>>> print(open('query.cif').read())   # mmCIF, C-alpha atoms
data_run
loop_
_atom_site.group_PDB
_atom_site.id
_atom_site.type_symbol
_atom_site.label_atom_id
_atom_site.label_comp_id
_atom_site.auth_asym_id
_atom_site.auth_seq_id
_atom_site.Cartn_x
_atom_site.Cartn_y
_atom_site.Cartn_z
ATOM 1 C CA GLY L 174 0.000 0.000 0.000
ATOM 2 C CA GLN L 175 0.853 3.656 -0.035
ATOM 3 C CA ASN L 176 1.792 5.169 3.300
ATOM 4 C CA ILE L 177 3.295 8.498 4.251
ATOM 5 C CA ASP L 178 3.856 9.303 7.920
ATOM 6 C CA GLN L 179 4.648 12.609 9.535
ATOM 7 C CA PRO L 180 4.031 13.949 13.055
ATOM 8 C CA THR L 181 0.605 15.446 13.596
ATOM 9 C CA GLU L 182 1.689 18.532 15.508
ATOM 10 C CA MET L 183 4.873 20.322 16.536
ATOM 11 C CA THR L 184 5.578 23.459 18.535
ATOM 12 C CA ALA L 185 8.685 25.623 18.314
ATOM 13 C CA THR L 186 9.897 29.037 19.434
ATOM 14 C CA GLU L 187 10.399 32.073 17.238
ATOM 15 C CA GLY L 188 14.023 32.267 16.042
ATOM 16 C CA ALA L 189 14.655 28.565 16.645
ATOM 17 C CA ILE L 190 15.222 25.662 14.221
ATOM 18 C CA VAL L 191 12.680 22.885 13.696
ATOM 19 C CA GLN L 192 12.921 19.612 11.779
ATOM 20 C CA ILE L 193 9.793 17.924 10.434
ATOM 21 C CA ASN L 194 10.294 14.274 9.541
ATOM 22 C CA CYS L 195 8.516 12.233 6.903
ATOM 23 C CA THR L 196 8.750 8.508 6.204
ATOM 24 C CA TYR L 197 7.185 6.877 3.192
ATOM 25 C CA GLN L 198 6.354 3.484 1.734
ATOM 26 C CA THR L 199 5.034 3.743 -1.800
ATOM 27 C CA SER L 200 4.859 1.423 -4.788
ATOM 28 C CA GLY L 201 6.653 3.951 -6.960
ATOM 29 C CA PHE L 202 8.902 6.932 -6.387
ATOM 30 C CA ASN L 203 9.515 9.849 -8.694
ATOM 31 C CA GLY L 204 10.385 12.622 -6.249
ATOM 32 C CA LEU L 205 9.395 13.996 -2.861
ATOM 33 C CA PHE L 206 7.799 17.382 -2.325
ATOM 34 C CA TRP L 207 7.171 19.621 0.669
ATOM 35 C CA TYR L 208 4.303 22.078 0.680
ATOM 36 C CA GLN L 209 3.252 24.704 3.207
ATOM 37 C CA GLN L 210 -0.449 25.224 3.831
ATOM 38 C CA HIS L 211 -1.905 27.990 5.956
ATOM 39 C CA ALA L 212 -5.351 27.340 7.379
ATOM 40 C CA GLY L 213 -8.050 27.645 4.724
ATOM 41 C CA GLU L 214 -5.552 28.254 1.929
ATOM 42 C CA ALA L 215 -4.000 26.235 -0.885
ATOM 43 C CA PRO L 216 -0.708 24.362 -0.473
ATOM 44 C CA THR L 217 2.332 26.384 -1.538
ATOM 45 C CA PHE L 218 5.361 24.598 -3.014
ATOM 46 C CA LEU L 219 8.469 24.701 -0.811
ATOM 47 C CA SER L 220 10.954 22.114 -2.050
ATOM 48 C CA TYR L 221 11.601 19.081 -4.218
ATOM 49 C CA ASN L 222 14.062 16.188 -3.808
ATOM 50 C CA VAL L 223 14.559 13.357 -6.255
ATOM 51 C CA LEU L 224 18.169 12.421 -5.449
ATOM 52 C CA ASP L 225 19.619 11.677 -2.019
ATOM 53 C CA GLY L 226 20.974 14.606 -0.121
ATOM 54 C CA LEU L 227 20.171 18.089 1.050
ATOM 55 C CA GLU L 228 18.492 20.849 -0.943
ATOM 56 C CA GLU L 229 18.778 24.325 0.565
ATOM 57 C CA LYS L 230 16.504 27.222 -0.214
ATOM 58 C CA GLY L 231 16.949 30.225 2.044
ATOM 59 C CA ARG L 232 15.589 29.430 5.520
ATOM 60 C CA PHE L 233 14.206 26.090 4.301
ATOM 61 C CA SER L 234 16.167 22.915 3.582
ATOM 62 C CA SER L 235 14.931 19.457 2.664
ATOM 63 C CA PHE L 236 16.756 16.154 2.885
ATOM 64 C CA LEU L 237 16.062 12.817 1.214
ATOM 65 C CA SER L 238 17.287 9.268 1.765
ATOM 66 C CA ARG L 239 15.649 6.969 -0.766
ATOM 67 C CA SER L 240 17.131 3.794 0.738
ATOM 68 C CA LYS L 241 15.546 4.637 4.098
ATOM 69 C CA GLY L 242 12.295 6.046 2.696
ATOM 70 C CA TYR L 243 12.937 9.167 4.755
ATOM 71 C CA SER L 244 12.890 12.906 4.320
ATOM 72 C CA TYR L 245 12.936 15.929 6.562
ATOM 73 C CA LEU L 246 12.165 19.603 6.188
ATOM 74 C CA LEU L 247 14.360 21.950 8.205
ATOM 75 C CA LEU L 248 13.138 25.430 9.003
ATOM 76 C CA LYS L 249 15.665 27.910 10.401
ATOM 77 C CA GLU L 250 15.192 31.284 12.113
ATOM 78 C CA LEU L 251 11.539 30.544 12.687
ATOM 79 C CA GLN L 252 9.079 33.374 12.261
ATOM 80 C CA MET L 253 5.490 33.631 13.475
ATOM 81 C CA LYS L 254 4.291 33.473 9.869
ATOM 82 C CA ASP L 255 5.780 29.958 9.609
ATOM 83 C CA SER L 256 2.862 28.691 11.698
ATOM 84 C CA ALA L 257 1.117 26.447 9.195
ATOM 85 C CA SER L 258 0.671 22.824 8.164
ATOM 86 C CA TYR L 259 3.567 21.231 6.304
ATOM 87 C CA LEU L 260 2.678 18.512 3.828
ATOM 88 C CA CYS L 261 5.054 15.802 2.670
ATOM 89 C CA ALA L 262 4.113 14.315 -0.715
ATOM 90 C CA VAL L 263 5.611 11.557 -2.841
ATOM 91 C CA ARG L 264 5.136 11.593 -6.585
ATOM 92 C CA ASP L 265 4.075 8.174 -7.706
ATOM 93 C CA HIS L 266 4.697 6.831 -11.149
ATOM 94 C CA TYR L 267 1.526 5.806 -12.910
ATOM 95 C CA GLY L 268 2.044 4.220 -16.292
ATOM 96 C CA GLY L 269 3.136 6.850 -18.754
ATOM 97 C CA SER L 270 1.736 9.740 -16.793
ATOM 98 C CA GLN L 271 3.563 12.431 -14.929
ATOM 99 C CA GLY L 272 2.554 10.780 -11.692
ATOM 100 C CA ASN L 273 0.149 11.921 -9.029
ATOM 101 C CA LEU L 274 1.133 13.187 -5.590
ATOM 102 C CA ILE L 275 0.483 11.047 -2.520
ATOM 103 C CA PHE L 276 0.234 13.269 0.541
ATOM 104 C CA GLY L 277 0.766 12.672 4.216
ATOM 105 C CA LYS L 278 -1.779 14.110 6.635
ATOM 106 C CA GLY L 279 0.399 17.111 7.330
ATOM 107 C CA THR L 280 2.271 18.425 10.361
ATOM 108 C CA LYS L 281 0.712 21.425 12.068
ATOM 109 C CA LEU L 282 3.533 23.674 13.258
ATOM 110 C CA SER L 283 2.850 26.323 15.893
ATOM 111 C CA VAL L 284 5.507 28.984 16.384
ATOM 112 C CA LYS L 285 5.391 30.651 19.811
ATOM 113 C CA PRO L 286 6.959 34.017 20.700
ATOM 114 C CA GLU D 283 1.237 34.091 -6.866
ATOM 115 C CA THR D 284 0.918 30.760 -8.681
ATOM 116 C CA GLY D 285 -1.458 31.863 -11.419
ATOM 117 C CA VAL D 286 -3.844 28.919 -10.954
ATOM 118 C CA THR D 287 -7.403 30.103 -10.441
ATOM 119 C CA GLN D 288 -10.502 28.226 -9.325
ATOM 120 C CA SER D 289 -14.190 29.036 -9.186
ATOM 121 C CA PRO D 290 -16.342 29.278 -7.263
ATOM 122 C CA THR D 291 -14.605 29.944 -3.946
ATOM 123 C CA HIS D 292 -17.369 28.463 -1.844
ATOM 124 C CA LEU D 293 -20.407 26.369 -2.709
ATOM 125 C CA ILE D 294 -23.277 24.881 -0.737
ATOM 126 C CA LYS D 295 -25.274 22.007 -2.214
ATOM 127 C CA THR D 296 -27.732 19.445 -0.927
ATOM 128 C CA ARG D 297 -27.365 15.689 -1.036
ATOM 129 C CA GLY D 298 -28.163 14.198 -4.443
ATOM 130 C CA GLN D 299 -27.379 17.352 -6.404
ATOM 131 C CA GLN D 300 -24.672 17.755 -9.007
ATOM 132 C CA VAL D 301 -21.800 20.261 -8.965
ATOM 133 C CA THR D 302 -19.234 21.588 -11.457
ATOM 134 C CA LEU D 303 -15.977 23.131 -10.284
ATOM 135 C CA ARG D 304 -13.667 25.053 -12.592
ATOM 136 C CA CYS D 305 -9.926 25.543 -12.820
ATOM 137 C CA SER D 306 -7.698 27.666 -15.026
ATOM 138 C CA SER D 307 -4.138 26.449 -15.189
ATOM 139 C CA GLN D 308 -1.053 28.616 -14.858
ATOM 140 C CA SER D 309 0.204 30.088 -18.098
ATOM 141 C CA GLY D 310 2.450 27.605 -19.912
ATOM 142 C CA HIS D 311 1.146 24.579 -18.008
ATOM 143 C CA ASN D 312 -0.444 21.678 -19.879
ATOM 144 C CA THR D 313 -1.430 19.269 -17.102
ATOM 145 C CA VAL D 314 -4.145 19.617 -14.468
ATOM 146 C CA SER D 315 -4.593 17.424 -11.388
ATOM 147 C CA TRP D 316 -7.535 17.493 -8.991
ATOM 148 C CA TYR D 317 -7.385 16.689 -5.280
ATOM 149 C CA GLN D 318 -9.937 16.402 -2.484
ATOM 150 C CA GLN D 319 -8.873 17.590 0.959
ATOM 151 C CA ALA D 320 -11.078 16.744 3.935
ATOM 152 C CA LEU D 321 -10.644 18.741 7.126
ATOM 153 C CA GLY D 322 -7.453 17.791 8.955
ATOM 154 C CA GLN D 323 -6.266 15.500 6.165
ATOM 155 C CA GLY D 324 -3.785 15.738 3.345
ATOM 156 C CA PRO D 325 -5.068 16.139 -0.222
ATOM 157 C CA GLN D 326 -6.254 12.943 -1.938
ATOM 158 C CA PHE D 327 -5.628 12.504 -5.669
ATOM 159 C CA ILE D 328 -8.817 12.340 -7.754
ATOM 160 C CA PHE D 329 -7.508 12.375 -11.345
ATOM 161 C CA GLN D 330 -5.158 14.094 -13.743
ATOM 162 C CA TYR D 331 -5.753 15.488 -17.238
ATOM 163 C CA TYR D 332 -3.195 15.896 -19.993
ATOM 164 C CA ARG D 333 -3.999 16.802 -23.597
ATOM 165 C CA GLU D 334 -7.716 16.686 -22.823
ATOM 166 C CA GLU D 335 -7.600 13.062 -21.670
ATOM 167 C CA GLU D 336 -7.730 11.492 -18.220
ATOM 168 C CA ASN D 337 -4.191 10.428 -17.440
ATOM 169 C CA GLY D 338 -4.388 8.713 -14.070
ATOM 170 C CA ARG D 339 -7.127 8.294 -11.472
ATOM 171 C CA GLY D 340 -7.216 7.811 -7.724
ATOM 172 C CA ASN D 341 -9.663 5.773 -5.668
ATOM 173 C CA PHE D 342 -12.786 7.796 -6.436
ATOM 174 C CA PRO D 343 -16.092 6.475 -7.843
ATOM 175 C CA PRO D 344 -17.247 7.187 -11.421
ATOM 176 C CA ARG D 345 -19.615 9.931 -10.224
ATOM 177 C CA PHE D 346 -16.437 12.035 -10.068
ATOM 178 C CA SER D 347 -15.651 13.006 -13.639
ATOM 179 C CA GLY D 348 -13.732 15.710 -15.399
ATOM 180 C CA LEU D 349 -12.820 17.510 -18.570
ATOM 181 C CA GLN D 350 -9.837 19.394 -19.902
ATOM 182 C CA PHE D 351 -10.265 21.968 -22.635
ATOM 183 C CA PRO D 352 -7.893 22.959 -25.473
ATOM 184 C CA ASN D 353 -6.722 25.960 -23.426
ATOM 185 C CA TYR D 354 -5.775 23.478 -20.637
ATOM 186 C CA SER D 355 -8.456 24.702 -18.251
ATOM 187 C CA SER D 356 -10.403 21.963 -16.539
ATOM 188 C CA GLU D 357 -13.678 21.056 -14.857
ATOM 189 C CA LEU D 358 -14.467 18.628 -12.068
ATOM 190 C CA ASN D 359 -18.013 17.284 -12.003
ATOM 191 C CA VAL D 360 -19.518 15.410 -9.098
ATOM 192 C CA ASN D 361 -22.918 13.744 -9.457
ATOM 193 C CA ALA D 362 -25.267 12.465 -6.766
ATOM 194 C CA LEU D 363 -23.538 14.427 -4.015
ATOM 195 C CA GLU D 364 -23.072 12.752 -0.648
ATOM 196 C CA LEU D 365 -22.433 14.344 2.727
ATOM 197 C CA ASP D 366 -18.865 12.968 2.702
ATOM 198 C CA ASP D 367 -18.132 14.951 -0.450
ATOM 199 C CA SER D 368 -17.896 18.052 1.732
ATOM 200 C CA ALA D 369 -14.254 19.113 1.390
ATOM 201 C CA LEU D 370 -11.800 21.553 -0.140
ATOM 202 C CA TYR D 371 -11.278 20.717 -3.813
ATOM 203 C CA LEU D 372 -7.869 21.689 -5.091
ATOM 204 C CA CYS D 373 -6.701 21.999 -8.634
ATOM 205 C CA ALA D 374 -2.989 21.885 -9.431
ATOM 206 C CA SER D 375 -1.329 22.652 -12.735
ATOM 207 C CA SER D 376 2.073 21.608 -14.003
ATOM 208 C CA ASN D 377 4.094 21.404 -17.164
ATOM 209 C CA ARG D 378 4.694 17.832 -18.165
ATOM 210 C CA GLY D 379 8.183 17.329 -19.446
ATOM 211 C CA LEU D 380 9.746 20.306 -17.703
ATOM 212 C CA THR D 381 9.777 21.015 -13.982
ATOM 213 C CA ASP D 382 6.737 18.835 -13.299
ATOM 214 C CA THR D 383 6.143 20.662 -10.019
ATOM 215 C CA GLN D 384 2.439 20.991 -9.264
ATOM 216 C CA TYR D 385 1.215 24.451 -8.288
ATOM 217 C CA PHE D 386 -2.100 24.693 -6.507
ATOM 218 C CA GLY D 387 -5.016 27.030 -6.919
ATOM 219 C CA PRO D 388 -6.874 28.540 -3.948
ATOM 220 C CA GLY D 389 -9.443 25.730 -3.914
ATOM 221 C CA THR D 390 -13.217 25.479 -3.813
ATOM 222 C CA ARG D 391 -14.822 24.798 -0.443
ATOM 223 C CA LEU D 392 -17.827 22.514 -1.071
ATOM 224 C CA THR D 393 -20.390 21.935 1.660
ATOM 225 C CA VAL D 394 -23.035 19.258 1.141
ATOM 226 C CA LEU D 395 -26.064 19.486 3.412
#
>>> encode(input="query.cif", output="structure tokens")
Amino acid sequence: GQNIDQPTEMTATEGAIVQINCTYQTSGFNGLFWYQQHAGEAPTFLSYNVLDGLEEKGRFSSFLSRSKGYSYLLLKELQMKDSASYLCAVRDHYGGSQGNLIFGKGTKLSVKP
Amino acid sequence: ETGVTQSPTHLIKTRGQQVTLRCSSQSGHNTVSWYQQALGQGPQFIFQYYREEENGRGNFPPRFSGLQFPNYSSELNVNALELDDSALYLCASSNRGLTDTQYFGPGTRLTVL
């Protein structure tokens, strides 16, 4: 089956660093995505990993280990506006198509002053 | 701003009715994917359209159907609405063959009474 696990909730302090973990078991793999979603809004693309290693993008970094079925999103210098849900998604491979995204349930991050 | 637009923003229907949701893809994108997001859950893949044809489908019944038009815009139709169809419906566009990253529209909040 298809399974993506991430913690339900996390709390961190403004200015700190937080790591959100994601483990996956999927029948296919064609990349892993992280999205940010504020309450009542659409998911916003943050990062993409298809090869093992770390991808850095400003205050956000994402890591992938395909052999372990594991990824994390690292947020540095946390700001209040980072309070949101963070969605881990694996792109499946479906026949000749581009592949749909399989999402975890999301991690709700609360940033406290 | 992603450039993906959806209409309407909110919709209230009663059980048994039919609904049509609309999506305009981002300029330069040729692929549209639809997702259903229930409260507190991650988005669930409904189907994907490429070159006006369905190009992958998730675990949704046939009463969920769609169309893609020559300008790459798309419609999601749901017949015989059920209470459990109440959710946020997200459209995502991407450019098959290039970055493949899916960018989401603001969503349509459907409430079935």
>>> residues_around(input="query.cif", residues="L:Ser200", least_positions_apart="4", cutoff="12 Å", atoms="only C-alpha atoms", output="PyMOL selection string")
chain L and resi 174-177+242+263-267+272+275
>>> write_last_selection(input="query.cif", atoms="C-alpha atoms", output="tab-separated table (two decimals), in the frame of the given file")
chain	number	residue	atom	x	y	z
L	174	GLY	CA	0.00	0.00	0.00
L	175	GLN	CA	0.85	3.66	-0.04
L	176	ASN	CA	1.79	5.17	3.30
L	177	ILE	CA	3.30	8.50	4.25
L	242	GLY	CA	12.30	6.05	2.70
L	263	VAL	CA	5.61	11.56	-2.84
L	264	ARG	CA	5.14	11.59	-6.58
L	265	ASP	CA	4.08	8.17	-7.71
L	266	HIS	CA	4.70	6.83	-11.15
L	267	TYR	CA	1.53	5.81	-12.91
L	272	GLY	CA	2.55	10.78	-11.69
L	275	ILE	CA	0.48	11.05	-2.52
>>> resolve_selection(input="query.cif", expression="the PyMOL selection byres ((chain D and resi 297) around 8)", output="ChimeraX atom specification")
/D:295-296,298-299,362-365,394-395
>>> write_last_selection(input="query.cif", atoms="C-alpha atoms", output="tab-separated table (two decimals), in the frame of the given file")
chain	number	residue	atom	x	y	z
D	295	LYS	CA	-25.27	22.01	-2.21
D	296	THR	CA	-27.73	19.44	-0.93
D	298	GLY	CA	-28.16	14.20	-4.44
D	299	GLN	CA	-27.38	17.35	-6.40
D	362	ALA	CA	-25.27	12.46	-6.77
D	363	LEU	CA	-23.54	14.43	-4.01
D	364	GLU	CA	-23.07	12.75	-0.65
D	365	LEU	CA	-22.43	14.34	2.73
D	394	VAL	CA	-23.04	19.26	1.14
D	395	LEU	CA	-26.06	19.49	3.41
>>> resolve_selection(input="query.cif", expression="the PyMOL selection byres ((chain D) within 10 of (chain L))", output="ChimeraX atom specification")
/D:283-284,313,315-317,319,321-332,336-340,370-374,376-379,382-391
>>> write_last_selection(input="query.cif", atoms="C-alpha atoms", output="PDB file, keeping the file's coordinate frame")
ATOM      1  CA  GLU D 283       1.237  34.091  -6.866  1.00  0.00           C
ATOM      2  CA  THR D 284       0.918  30.760  -8.681  1.00  0.00           C
ATOM      3  CA  THR D 313      -1.430  19.269 -17.102  1.00  0.00           C
ATOM      4  CA  SER D 315      -4.593  17.424 -11.388  1.00  0.00           C
ATOM      5  CA  TRP D 316      -7.535  17.493  -8.991  1.00  0.00           C
ATOM      6  CA  TYR D 317      -7.385  16.689  -5.280  1.00  0.00           C
ATOM      7  CA  GLN D 319      -8.873  17.590   0.959  1.00  0.00           C
ATOM      8  CA  LEU D 321     -10.644  18.741   7.126  1.00  0.00           C
ATOM      9  CA  GLY D 322      -7.453  17.791   8.955  1.00  0.00           C
ATOM     10  CA  GLN D 323      -6.266  15.500   6.165  1.00  0.00           C
ATOM     11  CA  GLY D 324      -3.785  15.738   3.345  1.00  0.00           C
ATOM     12  CA  PRO D 325      -5.068  16.139  -0.222  1.00  0.00           C
ATOM     13  CA  GLN D 326      -6.254  12.943  -1.938  1.00  0.00           C
ATOM     14  CA  PHE D 327      -5.628  12.504  -5.669  1.00  0.00           C
ATOM     15  CA  ILE D 328      -8.817  12.340  -7.754  1.00  0.00           C
ATOM     16  CA  PHE D 329      -7.508  12.375 -11.345  1.00  0.00           C
ATOM     17  CA  GLN D 330      -5.158  14.094 -13.743  1.00  0.00           C
ATOM     18  CA  TYR D 331      -5.753  15.488 -17.238  1.00  0.00           C
ATOM     19  CA  TYR D 332      -3.195  15.896 -19.993  1.00  0.00           C
ATOM     20  CA  GLU D 336      -7.730  11.492 -18.220  1.00  0.00           C
ATOM     21  CA  ASN D 337      -4.191  10.428 -17.440  1.00  0.00           C
ATOM     22  CA  GLY D 338      -4.388   8.713 -14.070  1.00  0.00           C
ATOM     23  CA  ARG D 339      -7.127   8.294 -11.472  1.00  0.00           C
ATOM     24  CA  GLY D 340      -7.216   7.811  -7.724  1.00  0.00           C
ATOM     25  CA  LEU D 370     -11.800  21.553  -0.140  1.00  0.00           C
ATOM     26  CA  TYR D 371     -11.278  20.717  -3.813  1.00  0.00           C
ATOM     27  CA  LEU D 372      -7.869  21.689  -5.091  1.00  0.00           C
ATOM     28  CA  CYS D 373      -6.701  21.999  -8.634  1.00  0.00           C
ATOM     29  CA  ALA D 374      -2.989  21.885  -9.431  1.00  0.00           C
ATOM     30  CA  SER D 376       2.073  21.608 -14.003  1.00  0.00           C
ATOM     31  CA  ASN D 377       4.094  21.404 -17.164  1.00  0.00           C
ATOM     32  CA  ARG D 378       4.694  17.832 -18.165  1.00  0.00           C
ATOM     33  CA  GLY D 379       8.183  17.329 -19.446  1.00  0.00           C
ATOM     34  CA  ASP D 382       6.737  18.835 -13.299  1.00  0.00           C
ATOM     35  CA  THR D 383       6.143  20.662 -10.019  1.00  0.00           C
ATOM     36  CA  GLN D 384       2.439  20.991  -9.264  1.00  0.00           C
ATOM     37  CA  TYR D 385       1.215  24.451  -8.288  1.00  0.00           C
ATOM     38  CA  PHE D 386      -2.100  24.693  -6.507  1.00  0.00           C
ATOM     39  CA  GLY D 387      -5.016  27.030  -6.919  1.00  0.00           C
ATOM     40  CA  PRO D 388      -6.874  28.540  -3.948  1.00  0.00           C
ATOM     41  CA  GLY D 389      -9.443  25.730  -3.914  1.00  0.00           C
ATOM     42  CA  THR D 390     -13.217  25.479  -3.813  1.00  0.00           C
ATOM     43  CA  ARG D 391     -14.822  24.798  -0.443  1.00  0.00           C
TER      44      ARG D 391
END
>>> closest_residue(input="query.cif", among="L:Asn222, L:Gln210, L:Gly231, L:Asn203", to="L:Lys254", atoms="all atoms listed in the file")
L:Gln210
>>> closest_residue(input="query.cif", among="L:Ser234, L:Tyr243, L:Met253, L:Val284", to="L:Gln179", atoms="all atoms listed in the file")
L:Tyr243
>>> atom_distance(input="query.cif", atom1="atom CA of D:Phe346", atom2="atom CA of D:Arg304")
13.5 Å
>>> atom_distance(input="query.cif", atom1="atom CA of L:Tyr197", atom2="atom CA of D:Pro343")
25.8 Å
>>> atom_distance(input="query.cif", atom1="atom CA of L:Pro180", atom2="atom CA of L:Ile193")
7.5 Å
>>> resolve_selection(input="query.cif", expression="the PyMOL selection byres ((chain D and resi 348) around 8)", output="VMD selection string")
chain D and resid 336 346 to 347 349 to 350 356 to 359
>>> axis_aligned_box(input="query.cif", around="stretch 296-313 of chain D", padding_each_side="6 Å", output="AutoDock Vina command-line options")
--center_x -12.9 --center_y 22.1 --center_z -10.4 --size_x 42.6 --size_y 27.9 --size_z 31.0
